[in-house]
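*Asks:* Please see the structure below; I have some questions.
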Amino acid sequence: MSWMNEFAISEEVHAALNEHRPVVALESTIISHGMPFPENLAVAREVEDSVRRNGAVPATIAIQSGKICIGLEAETLERFAQATNVMKCSRRDIPFAITQGLHGATTVSATMILAEMAGIEVFATGGIGGVHRGAESTWDVSADLPEFAQTNVAVVSAGAKAILDLPKTLEYLETAGVPVIGYQTNEFPAFYSRSSGLQLPLSLNTTVDIAAFIHEKRRMNLKGGVLVANPIPALYEIEREKIEPAIERAIAEAARQGISGKELTPFLLKQLNEITSGVSQLANKQLVLHNAAVAAQIAVDLAAIRKKHTFIAL
Ligand code: PSU
Ligand code: MN
């Protein structure tokens, strides 16, 4: 471990950042709250392998005993996947976990913040949080959305989770000036399904083009993130008509039990996994692996663009 601005950065990530080699940030809430043990550990490891196979260094981000960790050692990852006393941390919670010396799992918003502080520009997750169905009465909008308006990290995701209100989520992102780029698609993917019926105004077909977009946004100092919407591979998708009844059942059960706040998303994912006998979780795993691969390719292409520009500047 080496230290930089009070973070514990793994040797591997530290070396890669120093040498301007491609790095991909990974979140930890999907490990601690998004999937049960031991599948969560298997997925976390495979996601890291997927980043490596595609030429980048993975940096899983979490808070361990109040310390921000950028890149987890194998044993730490394992302990994290098994622990039950991990706090789900979004933007508001980070200083609490640090000052109280807690273990914290970082959501998309918190991971974006810590990645940016560490100098990591590309991040892979499953699906971002968004506007929940019924938000017109509950006001449940994920802290992930406003984060995109202010934190300079590109996130590769299979759209937003299908349990959400996808049209409202897209409207929010549009208002906040967040570019949502369909990767090899014109449609906003619906997490488990490739299609949502919602058109995306921006679409790019290569990771080189996405890297160029990110570079230009940074060069112009246009604050905020980029959402790269990458559909689940066709082989693993669950069609919308098939998953929708399960989602409705899960949401009804959440309402019956009065689940709200930060508990809602983990509850819905767990319910869905039970209703579909594990099929939803398998799809979730496959889409995360695919996102990790695409994020790594974008990081590689972005590093190449940066190198070229540094050279010209000299
Ligand atoms: N994507 C997944 N599984 C997850 C999450 C995303 O495939 O568990 C997590 C992310 O950490 C995301 C969070 O930031 O769910 C959103 O939670 P909320 O809706 O409470 O903001
Ligand atoms: Mn919420």
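Each chain in the structure tokens gets a letter, A, B, ..., in the order shown, and its residues are numbered from 1; ligands are numbered from 1 in order too.
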Taking only C-alpha atoms and all ligand atoms and a cut-off of 7 Å, can you tell me which residues surround ligand 2, written as a ChimeraX atom specification?
*Replies:* /A:140-142,261-262,264
*Asks:* Can you work out which residues are within 9 Å of ligand 1, considering only C-alpha atoms and all ligand atoms, and then hand them over as a PyMOL selection string?
*Replies:* chain A and resi 27-35+88-90+105-111+125-132+140-145+157-158+160-161+164+191+260-266+269+281+284-285+287-288
*Asks:* Nearest residue to Ala25 (chain A) out of A:Gly66, A:Gly119, A:Gly101, A:Gly55, using only C-alpha atoms?
*Replies:*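 Under the stated criterion, the closest residue is A:Gly119.
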*Asks:* Taking only C-alpha atoms into account, which of A:Tyr192, A:Phe148, A:Tyr183, A:Phe37 comes nearest Ile113 (chain A)?
*Replies:*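 Looking only at the distances to Ile113 (chain A), the closest residue turns out to be A:Phe148.
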*Asks:* Would you list, as a VMD selection string, the residues of region 143-281 of chain A that end up in strand (DSSP E) under DSSP run on this structure's backbone?
*Replies:* chain A and resid 154 to 157 180 to 183 202 to 204 226 to 229
*Asks:* Output C-alpha atoms for every residue in that selection, as a short mmCIF file (atom, residue, chain, number, x, y, z; two decimals), in the first residue's frame.
*Replies:*
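What ended up in result_19.cif:
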```
data_model
loop_
_atom_site.label_atom_id
_atom_site.label_comp_id
_atom_site.auth_asym_id
_atom_site.auth_seq_id
_atom_site.Cartn_x
_atom_site.Cartn_y
_atom_site.Cartn_z
CA ALA A 154 -17.20 8.33 -17.26
CA VAL A 155 -19.37 5.45 -16.07
CA VAL A 156 -20.07 2.38 -18.20
CA SER A 157 -23.42 0.91 -17.21
CA VAL A 180 -25.84 9.56 -22.17
CA ILE A 181 -24.02 7.81 -24.99
CA GLY A 182 -25.43 4.57 -26.37
CA TYR A 183 -22.55 2.23 -27.15
CA LEU A 202 -26.17 10.32 -28.71
CA SER A 203 -24.72 7.06 -29.94
CA LEU A 204 -21.15 5.99 -30.76
CA VAL A 226 -20.54 10.81 -18.96
CA LEU A 227 -22.91 7.85 -18.90
CA VAL A 228 -21.94 5.17 -21.41
CA ALA A 229 -25.00 2.99 -21.91
#
```
*Asks:* For Ala295 (chain A), which of A:Val208, A:Leu198, A:Leu173, A:Ala190 is the closest residue, counting only C-alpha atoms?
*Replies:*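 Once distances to Ala295 (chain A) are computed over only C-alpha atoms, the minimum belongs to A:Val208.
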*Asks:* Need to verify the contact set: Asp301 (chain A), 6 Å, only C-alpha atoms, exclusion of same-chain residues closer than 2 positions in sequence. Can you return it as an MDAnalysis selection string?
*Replies:* chainID A and resid 208 211 298:299 303:304
*Asks:* Could you tell me how far CA of Pro58 (chain A) sits from CA of Thr310 (chain A), in Å to one decimal place?
*Replies:*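 We find that CA of Thr310 (chain A) and CA of Pro58 (chain A) lie 24.0 Å from each other.
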*Asks:* May I ask which of the residues A:Ile275, A:Gln150, A:Leu268, A:Asn221 is the closest one to Lys242 (chain A), counting only C-alpha atoms?
*Replies:*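 Closest candidate: A:Ile275.
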*Asks:* Could you list, as a PDB file with all heavy atoms, in the first residue's frame, every residue within 12 Å of His309 (chain A), counting only C-alpha atoms and ignoring same-chain residues fewer than 4 positions away?
*Replies:*
```
ATOM      1  N   ALA A 212     -12.536   9.830 -27.282  1.00  0.00           N
ATOM      2  CA  ALA A 212     -12.357  11.173 -27.858  1.00  0.00           C
ATOM      3  C   ALA A 212     -13.392  12.144 -27.270  1.00  0.00           C
ATOM      4  O   ALA A 212     -13.082  13.305 -26.975  1.00  0.00           O
ATOM      5  CB  ALA A 212     -12.480  11.108 -29.379  1.00  0.00           C
ATOM      6  N   HIS A 215     -12.336  12.977 -23.733  1.00  0.00           N
ATOM      7  CA  HIS A 215     -11.166  13.869 -23.775  1.00  0.00           C
ATOM      8  C   HIS A 215     -11.597  15.299 -24.103  1.00  0.00           C
ATOM      9  O   HIS A 215     -11.147  16.261 -23.474  1.00  0.00           O
ATOM     10  CB  HIS A 215     -10.161  13.345 -24.799  1.00  0.00           C
ATOM     11  CG  HIS A 215      -8.965  14.235 -24.965  1.00  0.00           C
ATOM     12  ND1 HIS A 215      -8.003  14.345 -23.983  1.00  0.00           N
ATOM     13  CD2 HIS A 215      -8.595  15.081 -25.957  1.00  0.00           C
ATOM     14  CE1 HIS A 215      -7.083  15.214 -24.380  1.00  0.00           C
ATOM     15  NE2 HIS A 215      -7.422  15.677 -25.571  1.00  0.00           N
ATOM     16  N   GLU A 216     -12.484  15.429 -25.068  1.00  0.00           N
ATOM     17  CA  GLU A 216     -12.929  16.763 -25.487  1.00  0.00           C
ATOM     18  C   GLU A 216     -13.728  17.446 -24.374  1.00  0.00           C
ATOM     19  O   GLU A 216     -13.565  18.646 -24.119  1.00  0.00           O
ATOM     20  CB  GLU A 216     -13.779  16.655 -26.765  1.00  0.00           C
ATOM     21  CG  GLU A 216     -14.212  17.986 -27.352  1.00  0.00           C
ATOM     22  CD  GLU A 216     -13.039  18.898 -27.742  1.00  0.00           C
ATOM     23  OE1 GLU A 216     -11.901  18.420 -27.877  1.00  0.00           O
ATOM     24  OE2 GLU A 216     -13.279  20.116 -27.906  1.00  0.00           O
ATOM     25  N   ARG A 219     -11.209  18.580 -21.932  1.00  0.00           N
ATOM     26  CA  ARG A 219     -10.389  19.649 -22.504  1.00  0.00           C
ATOM     27  C   ARG A 219     -11.127  20.989 -22.443  1.00  0.00           C
ATOM     28  O   ARG A 219     -10.553  22.036 -22.163  1.00  0.00           O
ATOM     29  CB  ARG A 219     -10.030  19.312 -23.965  1.00  0.00           C
ATOM     30  CG  ARG A 219      -8.843  20.068 -24.528  1.00  0.00           C
ATOM     31  CD  ARG A 219      -8.669  19.778 -26.013  1.00  0.00           C
ATOM     32  NE  ARG A 219      -9.805  20.241 -26.804  1.00  0.00           N
ATOM     33  CZ  ARG A 219     -10.011  21.496 -27.176  1.00  0.00           C
ATOM     34  NH1 ARG A 219      -9.151  22.427 -26.856  1.00  0.00           N
ATOM     35  NH2 ARG A 219     -11.087  21.825 -27.875  1.00  0.00           N
ATOM     36  N   LEU A 302      -8.360   6.142 -24.115  1.00  0.00           N
ATOM     37  CA  LEU A 302      -8.210   7.475 -23.519  1.00  0.00           C
ATOM     38  C   LEU A 302      -6.730   7.717 -23.160  1.00  0.00           C
ATOM     39  O   LEU A 302      -6.195   8.808 -23.404  1.00  0.00           O
ATOM     40  CB  LEU A 302      -9.103   7.592 -22.281  1.00  0.00           C
ATOM     41  CG  LEU A 302      -9.231   8.962 -21.638  1.00  0.00           C
ATOM     42  CD1 LEU A 302      -9.741  10.001 -22.631  1.00  0.00           C
ATOM     43  CD2 LEU A 302     -10.189   8.895 -20.432  1.00  0.00           C
ATOM     44  N   ALA A 303      -6.079   6.691 -22.616  1.00  0.00           N
ATOM     45  CA  ALA A 303      -4.651   6.817 -22.275  1.00  0.00           C
ATOM     46  C   ALA A 303      -3.840   7.097 -23.538  1.00  0.00           C
ATOM     47  O   ALA A 303      -2.897   7.905 -23.532  1.00  0.00           O
ATOM     48  CB  ALA A 303      -4.159   5.552 -21.576  1.00  0.00           C
ATOM     49  N   ALA A 304      -4.222   6.460 -24.637  1.00  0.00           N
ATOM     50  CA  ALA A 304      -3.497   6.662 -25.905  1.00  0.00           C
ATOM     51  C   ALA A 304      -3.696   8.087 -26.416  1.00  0.00           C
ATOM     52  O   ALA A 304      -2.740   8.733 -26.878  1.00  0.00           O
ATOM     53  CB  ALA A 304      -3.977   5.646 -26.944  1.00  0.00           C
ATOM     54  N   ILE A 305      -4.913   8.619 -26.309  1.00  0.00           N
ATOM     55  CA  ILE A 305      -5.183   9.997 -26.744  1.00  0.00           C
ATOM     56  C   ILE A 305      -4.375  10.975 -25.900  1.00  0.00           C
ATOM     57  O   ILE A 305      -3.743  11.896 -26.405  1.00  0.00           O
ATOM     58  CB  ILE A 305      -6.695  10.334 -26.635  1.00  0.00           C
ATOM     59  CG1 ILE A 305      -7.497   9.510 -27.634  1.00  0.00           C
ATOM     60  CG2 ILE A 305      -6.943  11.826 -26.866  1.00  0.00           C
ATOM     61  CD1 ILE A 305      -9.008   9.663 -27.502  1.00  0.00           C
ATOM     62  N   ALA A 313       2.113  18.565 -27.283  1.00  0.00           N
ATOM     63  CA  ALA A 313       2.340  19.758 -26.450  1.00  0.00           C
ATOM     64  C   ALA A 313       3.832  20.021 -26.234  1.00  0.00           C
ATOM     65  O   ALA A 313       4.248  21.157 -26.100  1.00  0.00           O
ATOM     66  CB  ALA A 313       1.632  19.592 -25.106  1.00  0.00           C
ATOM     67  N   LEU A 314       4.621  18.935 -26.202  1.00  0.00           N
ATOM     68  CA  LEU A 314       6.063  19.100 -26.035  1.00  0.00           C
ATOM     69  C   LEU A 314       6.632  19.664 -27.328  1.00  0.00           C
ATOM     70  O   LEU A 314       7.516  20.372 -27.436  1.00  0.00           O
ATOM     71  CB  LEU A 314       6.751  17.748 -25.731  1.00  0.00           C
ATOM     72  CG  LEU A 314       6.386  17.127 -24.392  1.00  0.00           C
ATOM     73  CD1 LEU A 314       6.970  15.719 -24.294  1.00  0.00           C
ATOM     74  CD2 LEU A 314       6.908  17.962 -23.235  1.00  0.00           C
TER      75      LEU A 314
END
```
